[in-house]
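Chemist: Dropping a structure here in structure tokens format, bear with me for questions.
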4 protein chains.
Amino acid sequence: MSTTPAFTGVIPPVITPRTSDGALDLPGLEAVVEHLVSGGMHGLFPLGSSGETPYLTDAERAEVLATVASATAGRVPLLVGANEQTTARVIEEARKVASRGADAVVVTTPYYAIFDATEVKRHFRAVAAAVDVPVLAYDVPVRTHFKLAPGLLAELAHEGTIAGVKDSSGNDIAFRQLRLLTRGLEGFALFSGHEVVCDAAMLSGADGLVPGLANVDPAGYRRLYDAAVSGNWETAVKEQDRLAELFRIVDVPDGSRVSPGAGGLGAFKTALAELGVIGANTMSRPMESLNAAEATEIRAILSATGLL
Amino acid sequence: MSTTPAFTGVIPPVITPRTSDGALDLPGLEAVVEHLVSGGMHGLFPLGSSGETPYLTDAERAEVLATVASATAGRVPLLVGANEQTTARVIEEARKVASRGADAVVVTTPYYAIFDATEVKRHFRAVAAAVDVPVLAYDVPVRTHFKLAPGLLAELAHEGTIAGVKDSSGNDIAFRQLRLLTRGLEGFALFSGHEVVCDAAMLSGADGLVPGLANVDPAGYRRLYDAAVSGNWETAVKEQDRLAELFRIVDVPDGSRVSPGAGGLGAFKTALAELGVIGANTMSRPMESLNAAEATEIRAILSATGLL
Amino acid sequence: MSTTPAFTGVIPPVITPRTSDGALDLPGLEAVVEHLVSGGMHGLFPLGSSGETPYLTDAERAEVLATVASATAGRVPLLVGANEQTTARVIEEARKVASRGADAVVVTTPYYAIFDATEVKRHFRAVAAAVDVPVLAYDVPVRTHFKLAPGLLAELAHEGTIAGVKDSSGNDIAFRQLRLLTRGLEGFALFSGHEVVCDAAMLSGADGLVPGLANVDPAGYRRLYDAAVSGNWETAVKEQDRLAELFRIVDVPDGSRVSPGAGGLGAFKTALAELGVIGANTMSRPMESLNAAEATEIRAILSATGLL
Amino acid sequence: MSTTPAFTGVIPPVITPRTSDGALDLPGLEAVVEHLVSGGMHGLFPLGSSGETPYLTDAERAEVLATVASATAGRVPLLVGANEQTTARVIEEARKVASRGADAVVVTTPYYAIFDATEVKRHFRAVAAAVDVPVLAYDVPVRTHFKLAPGLLAELAHEGTIAGVKDSSGNDIAFRQLRLLTRGLEGFALFSGHEVVCDAAMLSGADGLVPGLANVDPAGYRRLYDAAVSGNWETAVKEQDRLAELFRIVDVPDGSRVSPGAGGLGAFKTALAELGVIGANTMSRPMESLNAAEATEIRAILSATGLL
């Protein structure tokens with residue numbers, strides 16, 4: 001009997017391109033998928049935060065997932081976000097994405113709702129009972145305003161409710177504690193969602209990585225991951241440091257014009273446009289897109305880090 | 001030309017009863033509407049937070065609004081929540097509720113999304129441009145984690161984007177500042193959503209009240225409002241103090257078993273069940289319902305405050 | 001046996017003037033005291049937040065209190081801040097100020113320390129046991145990052161540990177609940193520390209007011225208080241609205257140059273300088289003082305509100 | 001010219017023992033110093049948070065530092081906390097500890113005060129200008145409620161204001177960014193203050209470690225550090241995992257009786273008492289000490305991790 005988790009490796013959250021008039025750019029999305037799969041990604045995570053999923057209408061979500069599933073064509077597994085605010089609504093969303101090709105669903109705590117840890121457990125148990133695919137917990141307190149404690153996650157993992165955690169909490173201490181509490185647990189995978197500490201996350205025992213920046217440089221994150229898995233930490237650190245330089249693209253947007261949410265994702269989109277993968281860097285409304293001056297700065301960082 | 005705002009008076013957020021098996025209790029909802037209209041309410045606010053709207057599926061939301069609209073039968077206006085997390089999704093929701101009988105829609109800032117004040121303005125402007133009914137801003141930072149600043153709201157009010165504000169921010173200072181910035185503004189109404197400071201809100205210049213507790217004692221809030229409007233502050237304070245005693249029902253639930261969100265709404269539902277208006281105090285999952293011991297305590301408070 | 005609390009009325013936190021070279025301006029402080037006492041204040045609160053006490057060295061604190069005590073000469077009582085971060089240090093500070101003329105000491109929860117409600121109770125009990133003057137609790141979560149719950153304060157009040165509360169929490173709901181829990185309690189006084197909702201605080205049952213802005217316009221706050229006490233709410237609201245206009249001086253400082261802490265107090269000092277009460281508007285370091293352009297704007301507001 | 005920072009290695013914050021009647025236990029403190037120096041520590045950090053410094057009176061602080069300085073007898077350098085809330089008060093405190101033997105002072109941002117980034121820079125510059133020893137910035141937002149941004153710290157580092165940073169922010173992303181912004185900077189040292197991610201911190205480029213848990217197991221942290229410095233990451237991780245097990249002593253205290261602040265430090269003290277280094281686990285008031293049942297649980301963890 002293996003103790004390999006169901007999913008490992010680099011599984012980036014897939015961005016959602018739009019044409020300059022704001023419509024979904026489905027050919028562009030297919031190009032992003034190809035860029036990622038050919039860049040060595042072990043899986044894809046559509047309908048995540050980096051996919052601007054909170055901003056997509058129901059119809060757009062359906063189109064995005066259909067396009068990603070079709071373009072991926074089963075080459076790698078799809079972990080898919082089921083982004084809704086409470087249990088019954090998450091279940092409806094999770095069933096939809098499962099029926100559209102998700103190999104697993106990624107689910108947050110409730111939000112907007114006012115809840116506590118006991119409700120969170122009932123929430124994940126109800127979702128897991130309602131869908132036929134594995135459920136991963138997505139810990140993103142900057143959005144949900146609730147940190148999933150290591151003990152709570154370990155309880156859900158050991159009872160079989162969740163098959164993994166995507167940690168975007170920025171709390172490396174809790175991440176390590178969760179790893180210690182779940183080490184060797186059959187079928188459970190721990191992912192870090194932070195771009196600039198992937199080497200440290202791997203040293204701490206992560207099973208995989210979900211970095212938004214891998215949209216821009218999938219091969220770089222693949223090299224980092226492979227180096228870490230083979231214990232070549234010097235190489236992993238060196239690659240991480242280069243990727244941390246690349247991550248400075250998110251500091252380029254002018255904060256007086258572009259919100260924090262729009263700036264980071266806008267930088268990813270702008271970089272992909274500069275790399276020729278997609279045609280425009282348009283953001284979902286009400287987010288502001290990056291302008292030409294910002295694109296020029298991002299182009300310089302792409303050059304300095306060897307991508308152009 | 002009048003400077004009367006479009007909506008004034010006591011306009012309670014309508015609770016959403018469920019039968020003991022968890023289904024919507026539509027006859028119970030009709031009874032609640034009758035209880036409220038006959039209790040002297042100036043309007044009704046279905047699909048608000050007190051209506052457990054975050055927990056309702058799309059189909060349930062449609063049923064609730066249809067039932068409230070039918071039961072109200074035009075006797076008072078309907079302000080209806082359009083509870084979604086970002087602009088495009090709010091617009092779809094707002095159009096739905098407008099088509100189903102809303103006289104105005106009540107809209108929060110984005111949530112889950114990471115945004116800033118500039119995006120908030122674009123958000124409200126886009127929603128207002130997309131629907132044919134007035135838009136009220138709902139300021140509820142305990143849920144959205146963003147406080148709408150008085151200056152921002154005043155700007156949206158003066159340009160005609162919003163027709164009112166429901167303030168549930170717990171910030172009486174900002175409330176007063178907003179009142180000073182909007183005094184005499186044609187067609188703009190300022191509502192307080194807090195149960196125990198309605199007298200003070202009226203003294204500060206509120207146009208109306210949106211207290212969840214008015215589900216339990218609509219006539220009490222009507223007396224408070226009428227006393228305040230006629231400058232009879234001694235009576236208003238006395239009525240408010242009694243209602244504050246009644247509001248202690250929200251402290252009854254055991255916090256180790258019932259979450260803060262479930263406790264407050266569960267107390268309202270339990271009180272309505274004890275009063276015979278509805279048949280059960282069942283909460284939407286994953287929220288816990290109040291138990292028999294808690295119902296007994298609530299019954300005692302209802303007696304002590306003259307409702308039983 | 002009377003149920004009058006020990007202290008009532010308007011008791012402003014006294015600002016601490018500095019000369020343009022940054023030294024304490026003790027003659028200026030005497031002038032402020034005279035301005036306040038002759039303006040009808042019922043007591044004075046030196047060494048509070050508005051006195052820049054967090055920024056004063058121990059030697060400066062001693063000088064300030066000696067000067068205020070001497071200038072007041074017993075005409076009104078002195079409530080004095082004992083501003084320290086933990087129990088043993090507060091006790092030392094409280095004993096010092098008691099020995100220097102305080103009629104009562106005003107004490108916050110611990111800060112910087114990481115604590116809980118149980119420790120907070122032990123804290124106040126230990127301080128009260130260690131000093132011979134009444135202890136008032138100062139609830140200022142924007143500084144301490146801990147809100148004193150109404151139930152906790154009521155427990156300390158009923159057991160005789162605290163003789164009052166200065167509420168600067170911005171939470172009018174908790175304020176009202178505390179009032180209901182302490183109504184008629186012998187020797188206990190409830191004060192509001194917020195400038196623009198004093199009328200509402202009085203309607204809610206406050207015993208007194210501690211507005212920093214009363215440094216600028218003591219007579220205005222006295223008129224507001226007297227009107228409220230005599231049930232003349234129309235006058236109280238009108239006076240409050242004028243004072244709210246005056247309070248806009250705190251919005252004058254340029255936030256890119258002056259911190260939020262420095263801006264509000266700097267506006268009070270600048271207004272007092274423009275009124276001729278003190279000679280300079282210099283702030284304690286590292287706070288930035290307001291500049292000439294800002295002084296001109298403040299002067300205009302003083303004129304518009306009838307003070308110049 | 002070397003680029004070695006002034007301080008490197010493991011430099012634990014020294015706990016402050018008390019006898020069972022609450023007095024300072026100076027012989028116990030000498031024993032702790034001996035335990036740490038003989039355990040291979042590269043320096044000592046008295047008057048830090050783990051030393052309960054916020055709770056010490058001025059007289060106690062003087063006694064603690066004199067005792068540590070005397071017991072250390074120059075064998076390793078002393079980094080000493082100057083724990084005060086604003087600039088002028090920090091300067092007085094920093095001068096005191098410098099005169100009593102500090103080789104460097106460790107300084108936070110202001111607290112209780114309401115400030116901004118501009119004031120923070122003035123604060124550190126004023127302190128550095130006022131003392132003759134190097135100043136290290138201590139980033140501890142759980143106490144100060146202000147996170148020192150990497151860019152701000154890098155600016156202070158490059159201009160020579162600060163000689164290092166002790167990071168207790170729990171933000172590994174910002175830690176990595178600060179490292180990239182200061183790599184190779186002459187005389188600047190970056191320390192991590194977190195017990196369970198020291199291996200990852202070293203991989204990320206830390207110059208040293210300031211773990212409170214090193215009071216209990218200095219030799220373990222020395223082995224971890226030495227393994228990391230020599231690139232033996234497998235050993236470092238293994239040692240870290242054992243120390244993470246040891247760190248579970250902080251989860252032993254009953255949170256309904258012991259506050260979060262008291263629980264962690266109380267566990268360290270209890271472990272040292274069980275190890276026979278000190279005689280009692282008494283905490284500074286108002287903190288609760290751990291009881292016999294908790295001590296028994298801690299003893300079991302000490303055994304399981306090889307310390308007993």
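Here's how to read the names in the structure tokens: chain A, B, ... by the order shown, residue numbers from 1 in each chain, ligand numbers from 1 in the order shown.
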As a PyMOL selection string, which residues of range 87-189 of chain A does DSSP assign to alpha helix (DSSP H)?
Modeler: chain A and resi 87-99+117-130+141-144+150-158+172-182
Chemist: At a cut-off of 6 Å, which residues of chain B touch chain A? Count only C-alpha atoms and give the answer as a list in words.
Modeler: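 Filtering chain B at 6 Å from chain A with only C-alpha atoms gives Tyr55, Thr57, Thr86, Arg89, Tyr112, Ile114, Phe115, Asp116, Glu119, Arg122, His123, Arg143, Ser259, Gly261 and Pro286 of chain B.
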Chemist: Store the residues picked out above in a file with N, CA and C atoms, as a tab-separated table (two decimals), in the first residue's frame.
Modeler:
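Output contents, as saved in out.tsv:
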```tsv
chain	number	residue	atom	x	y	z
B	55	TYR	N	-26.69	31.94	2.84
B	55	TYR	CA	-26.82	30.48	2.90
B	55	TYR	C	-27.84	29.93	1.91
B	57	THR	N	-29.57	28.94	-1.61
B	57	THR	CA	-29.22	28.68	-3.00
B	57	THR	C	-29.97	29.67	-3.90
B	86	THR	N	-18.88	40.14	-6.36
B	86	THR	CA	-18.17	41.08	-7.24
B	86	THR	C	-19.16	41.71	-8.21
B	89	ARG	N	-21.28	39.77	-10.95
B	89	ARG	CA	-22.20	38.85	-10.28
B	89	ARG	C	-23.31	39.61	-9.53
B	112	TYR	N	-14.46	38.75	-0.46
B	112	TYR	CA	-13.54	37.70	-0.92
B	112	TYR	C	-12.50	38.30	-1.87
B	114	ILE	N	-10.04	41.12	-3.35
B	114	ILE	CA	-9.14	42.06	-2.67
B	114	ILE	C	-9.17	43.35	-3.48
B	115	PHE	N	-9.66	44.43	-2.85
B	115	PHE	CA	-9.99	45.61	-3.63
B	115	PHE	C	-9.60	46.87	-2.87
B	116	ASP	N	-9.93	48.01	-3.43
B	116	ASP	CA	-9.67	49.27	-2.73
B	116	ASP	C	-10.83	50.24	-2.98
B	119	GLU	N	-11.93	50.92	-6.63
B	119	GLU	CA	-12.76	49.85	-7.20
B	119	GLU	C	-14.17	49.86	-6.62
B	122	ARG	N	-16.20	52.30	-8.58
B	122	ARG	CA	-16.55	51.74	-9.89
B	122	ARG	C	-17.64	50.67	-9.75
B	123	HIS	N	-17.53	49.90	-8.67
B	123	HIS	CA	-18.49	48.83	-8.39
B	123	HIS	C	-19.91	49.40	-8.26
B	143	ARG	N	-18.75	41.66	7.85
B	143	ARG	CA	-18.84	40.63	6.81
B	143	ARG	C	-17.89	40.90	5.64
B	259	SER	N	-22.42	29.18	16.61
B	259	SER	CA	-21.51	30.24	16.17
B	259	SER	C	-22.15	31.61	16.40
B	261	GLY	N	-22.69	33.92	14.25
B	261	GLY	CA	-23.67	34.19	13.20
B	261	GLY	C	-24.98	33.46	13.43
B	286	PRO	N	-24.46	25.36	7.44
B	286	PRO	CA	-24.03	24.49	8.53
B	286	PRO	C	-24.31	25.07	9.91
```
Chemist: Could you work out how far CA of Thr109 in chain B lies from CA of Ala128 in chain B, giving the answer in Å with one decimal?
Modeler: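 Distance between the two atoms: 12.9 Å.
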Chemist: Hey, what's within 6 Å of Pro211 in chain D if we count only C-alpha atoms and toss same-chain stuff fewer than 2 positions away? As a PyMOL selection string, please?
Modeler: chain D and resi 12+193-195+209+213-214
Chemist: Find, counting only C-alpha atoms, the residue in C:Val196, C:Ala82, C:Ala71, C:Ala154 that gets nearest to Arg248 in chain C.
Modeler: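 Using only C-alpha atoms, Arg248 in chain C sits closest to C:Val196.
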Chemist: If we count only C-alpha atoms and set the cut-off at 8 Å, which residues sit around Gly39 in chain B, ignoring sequence neighbours fewer than 5 positions away in its own chain? Please answer as a ChimeraX atom specification.
Modeler: /B:217-219,222
Chemist: Would you kindly return, as a count of residues only, each protein, DNA or RNA residue with an atom no farther than 12 Å from any atom of Ser38 in chain A, considering only C-alpha atoms and excluding same-chain residues fewer than 2 positions away?
Modeler: 20
Chemist: Extract, using only C-alpha atoms, all DNA, RNA and protein residues at most 9 Å from Phe268 in chain C, discarding same-chain residues fewer than 2 positions from it, and format them as an mmCIF file with N, CA and C atoms, in the first residue's frame.
Modeler:
```cif
data_model
loop_
_atom_site.group_PDB
_atom_site.id
_atom_site.type_symbol
_atom_site.label_atom_id
_atom_site.label_comp_id
_atom_site.auth_asym_id
_atom_site.auth_seq_id
_atom_site.Cartn_x
_atom_site.Cartn_y
_atom_site.Cartn_z
ATOM 1 N N ILE C 15 -4.354 68.934 26.495
ATOM 2 C CA ILE C 15 -3.206 68.847 25.582
ATOM 3 C C ILE C 15 -1.941 69.353 26.290
ATOM 4 N N SER C 50 -4.620 62.604 24.489
ATOM 5 C CA SER C 50 -4.553 63.913 23.853
ATOM 6 C C SER C 50 -3.424 64.757 24.419
ATOM 7 N N GLY C 212 -11.530 65.416 23.327
ATOM 8 C CA GLY C 212 -10.283 66.145 23.090
ATOM 9 C C GLY C 212 -10.536 67.510 22.492
ATOM 10 N N LEU C 213 -11.571 67.602 21.659
ATOM 11 C CA LEU C 213 -11.878 68.865 20.991
ATOM 12 C C LEU C 213 -12.304 69.950 21.970
ATOM 13 N N ASN C 215 -10.631 70.986 24.275
ATOM 14 C CA ASN C 215 -9.496 71.886 24.434
ATOM 15 C C ASN C 215 -9.693 73.153 23.603
ATOM 16 N N VAL C 216 -10.297 72.991 22.419
ATOM 17 C CA VAL C 216 -10.473 74.114 21.500
ATOM 18 C C VAL C 216 -11.708 74.923 21.863
ATOM 19 N N ILE C 249 -11.406 70.074 11.609
ATOM 20 C CA ILE C 249 -9.986 70.484 11.640
ATOM 21 C C ILE C 249 -9.076 69.257 11.639
ATOM 22 N N VAL C 250 -9.548 68.140 12.122
ATOM 23 C CA VAL C 250 -8.674 66.954 12.158
ATOM 24 C C VAL C 250 -8.496 66.338 10.781
ATOM 25 N N GLY C 263 -1.934 63.984 13.340
ATOM 26 C CA GLY C 263 -2.841 64.897 12.661
ATOM 27 C C GLY C 263 -3.940 65.421 13.562
ATOM 28 N N GLY C 264 -4.574 64.526 14.301
ATOM 29 C CA GLY C 264 -5.672 64.948 15.159
ATOM 30 C C GLY C 264 -5.201 65.851 16.281
ATOM 31 N N LEU C 265 -4.184 65.420 16.998
ATOM 32 C CA LEU C 265 -3.671 66.240 18.099
ATOM 33 C C LEU C 265 -3.027 67.515 17.567
ATOM 34 N N GLY C 266 -2.367 67.406 16.430
ATOM 35 C CA GLY C 266 -1.752 68.584 15.822
ATOM 36 C C GLY C 266 -2.796 69.621 15.447
ATOM 37 N N THR C 270 -2.876 73.327 16.834
ATOM 38 C CA THR C 270 -2.847 74.435 15.876
ATOM 39 C C THR C 270 -4.018 75.373 16.128
ATOM 40 N N ALA C 271 -5.186 74.813 16.414
ATOM 41 C CA ALA C 271 -6.355 75.652 16.706
ATOM 42 C C ALA C 271 -6.104 76.499 17.954
ATOM 43 N N LEU C 272 -5.525 75.886 18.977
ATOM 44 C CA LEU C 272 -5.249 76.643 20.208
ATOM 45 C C LEU C 272 -4.213 77.737 19.957
ATOM 46 N N ALA C 273 -3.266 77.464 19.066
ATOM 47 C CA ALA C 273 -2.290 78.499 18.720
ATOM 48 C C ALA C 273 -2.976 79.634 17.959
ATOM 49 N N ASN C 281 2.490 75.174 17.793
ATOM 50 C CA ASN C 281 1.740 73.921 17.614
ATOM 51 C C ASN C 281 2.680 72.715 17.527
#
```
Chemist: Any chance you could list, as a ChimeraX atom specification, the residues in range 5-198 of chain A that come up strand (DSSP E) when DSSP is run on the backbone?
Modeler: /A:9-10,79-81,104-107,135-139,164-167,189-192
Chemist: Take the selection from the previous step and output its residues with N, CA, C and O atoms, as a PDB file, in the first residue's frame.
Modeler:
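Dumped everything to selection_16.pdb:
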```
ATOM      1  N   GLY A   9       3.532  17.777  -6.964  1.00  0.00           N
ATOM      2  CA  GLY A   9       4.208  18.546  -7.996  1.00  0.00           C
ATOM      3  C   GLY A   9       3.741  19.985  -8.081  1.00  0.00           C
ATOM      4  O   GLY A   9       3.122  20.507  -7.149  1.00  0.00           O
ATOM      5  N   VAL A  10       4.028  20.598  -9.221  1.00  0.00           N
ATOM      6  CA  VAL A  10       3.665  22.004  -9.423  1.00  0.00           C
ATOM      7  C   VAL A  10       2.341  22.060 -10.184  1.00  0.00           C
ATOM      8  O   VAL A  10       2.223  21.534 -11.287  1.00  0.00           O
ATOM      9  N   LEU A  79      -7.316  20.234 -10.788  1.00  0.00           N
ATOM     10  CA  LEU A  79      -7.884  20.616  -9.490  1.00  0.00           C
ATOM     11  C   LEU A  79      -8.648  21.905  -9.750  1.00  0.00           C
ATOM     12  O   LEU A  79      -8.075  22.862 -10.271  1.00  0.00           O
ATOM     13  N   VAL A  80      -9.913  21.948  -9.381  1.00  0.00           N
ATOM     14  CA  VAL A  80     -10.760  23.061  -9.804  1.00  0.00           C
ATOM     15  C   VAL A  80     -11.399  23.740  -8.596  1.00  0.00           C
ATOM     16  O   VAL A  80     -11.929  23.072  -7.703  1.00  0.00           O
ATOM     17  N   GLY A  81     -11.351  25.056  -8.588  1.00  0.00           N
ATOM     18  CA  GLY A  81     -11.961  25.813  -7.505  1.00  0.00           C
ATOM     19  C   GLY A  81     -13.476  25.795  -7.565  1.00  0.00           C
ATOM     20  O   GLY A  81     -14.053  25.916  -8.650  1.00  0.00           O
ATOM     21  N   ALA A 104     -10.508  16.973  -8.872  1.00  0.00           N
ATOM     22  CA  ALA A 104     -10.667  17.295  -7.442  1.00  0.00           C
ATOM     23  C   ALA A 104     -11.224  18.704  -7.369  1.00  0.00           C
ATOM     24  O   ALA A 104     -11.074  19.488  -8.317  1.00  0.00           O
ATOM     25  N   VAL A 105     -11.888  19.017  -6.253  1.00  0.00           N
ATOM     26  CA  VAL A 105     -12.374  20.389  -6.071  1.00  0.00           C
ATOM     27  C   VAL A 105     -11.634  21.039  -4.911  1.00  0.00           C
ATOM     28  O   VAL A 105     -11.264  20.374  -3.944  1.00  0.00           O
ATOM     29  N   VAL A 106     -11.420  22.341  -5.053  1.00  0.00           N
ATOM     30  CA  VAL A 106     -10.684  23.111  -4.053  1.00  0.00           C
ATOM     31  C   VAL A 106     -11.662  24.099  -3.429  1.00  0.00           C
ATOM     32  O   VAL A 106     -12.280  24.895  -4.150  1.00  0.00           O
ATOM     33  N   VAL A 107     -11.789  24.039  -2.104  1.00  0.00           N
ATOM     34  CA  VAL A 107     -12.896  24.688  -1.398  1.00  0.00           C
ATOM     35  C   VAL A 107     -12.363  25.494  -0.217  1.00  0.00           C
ATOM     36  O   VAL A 107     -11.543  24.996   0.556  1.00  0.00           O
ATOM     37  N   VAL A 135     -11.802  16.415  -2.146  1.00  0.00           N
ATOM     38  CA  VAL A 135     -11.924  17.826  -1.763  1.00  0.00           C
ATOM     39  C   VAL A 135     -10.614  18.278  -1.138  1.00  0.00           C
ATOM     40  O   VAL A 135     -10.109  17.642  -0.211  1.00  0.00           O
ATOM     41  N   LEU A 136     -10.056  19.364  -1.655  1.00  0.00           N
ATOM     42  CA  LEU A 136      -8.901  19.985  -1.011  1.00  0.00           C
ATOM     43  C   LEU A 136      -9.359  21.263  -0.333  1.00  0.00           C
ATOM     44  O   LEU A 136     -10.182  22.012  -0.888  1.00  0.00           O
ATOM     45  N   ALA A 137      -8.817  21.516   0.850  1.00  0.00           N
ATOM     46  CA  ALA A 137      -9.124  22.758   1.553  1.00  0.00           C
ATOM     47  C   ALA A 137      -8.156  23.840   1.092  1.00  0.00           C
ATOM     48  O   ALA A 137      -6.957  23.606   0.966  1.00  0.00           O
ATOM     49  N   TYR A 138      -8.702  25.016   0.865  1.00  0.00           N
ATOM     50  CA  TYR A 138      -7.912  26.166   0.398  1.00  0.00           C
ATOM     51  C   TYR A 138      -7.901  27.184   1.540  1.00  0.00           C
ATOM     52  O   TYR A 138      -8.941  27.749   1.888  1.00  0.00           O
ATOM     53  N   ASP A 139      -6.732  27.381   2.115  1.00  0.00           N
ATOM     54  CA  ASP A 139      -6.591  28.250   3.295  1.00  0.00           C
ATOM     55  C   ASP A 139      -6.082  29.607   2.860  1.00  0.00           C
ATOM     56  O   ASP A 139      -4.884  29.789   2.622  1.00  0.00           O
ATOM     57  N   GLY A 164      -6.268  17.078   0.800  1.00  0.00           N
ATOM     58  CA  GLY A 164      -5.119  17.956   0.692  1.00  0.00           C
ATOM     59  C   GLY A 164      -5.456  19.350   1.137  1.00  0.00           C
ATOM     60  O   GLY A 164      -6.606  19.669   1.446  1.00  0.00           O
ATOM     61  N   VAL A 165      -4.422  20.178   1.207  1.00  0.00           N
ATOM     62  CA  VAL A 165      -4.559  21.578   1.586  1.00  0.00           C
ATOM     63  C   VAL A 165      -3.723  22.413   0.634  1.00  0.00           C
ATOM     64  O   VAL A 165      -2.566  22.078   0.357  1.00  0.00           O
ATOM     65  N   LYS A 166      -4.350  23.479   0.119  1.00  0.00           N
ATOM     66  CA  LYS A 166      -3.568  24.517  -0.542  1.00  0.00           C
ATOM     67  C   LYS A 166      -3.416  25.651   0.452  1.00  0.00           C
ATOM     68  O   LYS A 166      -4.392  26.308   0.805  1.00  0.00           O
ATOM     69  N   ASP A 167      -2.192  25.880   0.902  1.00  0.00           N
ATOM     70  CA  ASP A 167      -1.941  26.888   1.926  1.00  0.00           C
ATOM     71  C   ASP A 167      -1.498  28.207   1.288  1.00  0.00           C
ATOM     72  O   ASP A 167      -0.411  28.284   0.719  1.00  0.00           O
ATOM     73  N   ALA A 189      -2.225  15.476   0.509  1.00  0.00           N
ATOM     74  CA  ALA A 189      -1.175  16.293  -0.092  1.00  0.00           C
ATOM     75  C   ALA A 189      -1.202  17.712   0.444  1.00  0.00           C
ATOM     76  O   ALA A 189      -2.270  18.311   0.559  1.00  0.00           O
ATOM     77  N   LEU A 190      -0.024  18.228   0.736  1.00  0.00           N
ATOM     78  CA  LEU A 190       0.098  19.584   1.272  1.00  0.00           C
ATOM     79  C   LEU A 190       0.804  20.467   0.244  1.00  0.00           C
ATOM     80  O   LEU A 190       1.948  20.197  -0.144  1.00  0.00           O
ATOM     81  N   PHE A 191       0.113  21.513  -0.183  1.00  0.00           N
ATOM     82  CA  PHE A 191       0.640  22.422  -1.192  1.00  0.00           C
ATOM     83  C   PHE A 191       0.862  23.819  -0.607  1.00  0.00           C
ATOM     84  O   PHE A 191       0.047  24.298   0.175  1.00  0.00           O
ATOM     85  N   SER A 192       1.937  24.457  -1.038  1.00  0.00           N
ATOM     86  CA  SER A 192       2.162  25.856  -0.692  1.00  0.00           C
ATOM     87  C   SER A 192       1.771  26.733  -1.866  1.00  0.00           C
ATOM     88  O   SER A 192       2.119  26.434  -3.013  1.00  0.00           O
TER      89      SER A 192
END
```
Chemist: Quick one: residues within 9 Å of Ala304 in chain A, only C-alpha atoms, excluding same-chain residues fewer than 5 positions away - as a list in words?
Modeler: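 The residues that qualify are Glu245, Leu246 and Arg299 of chain A.
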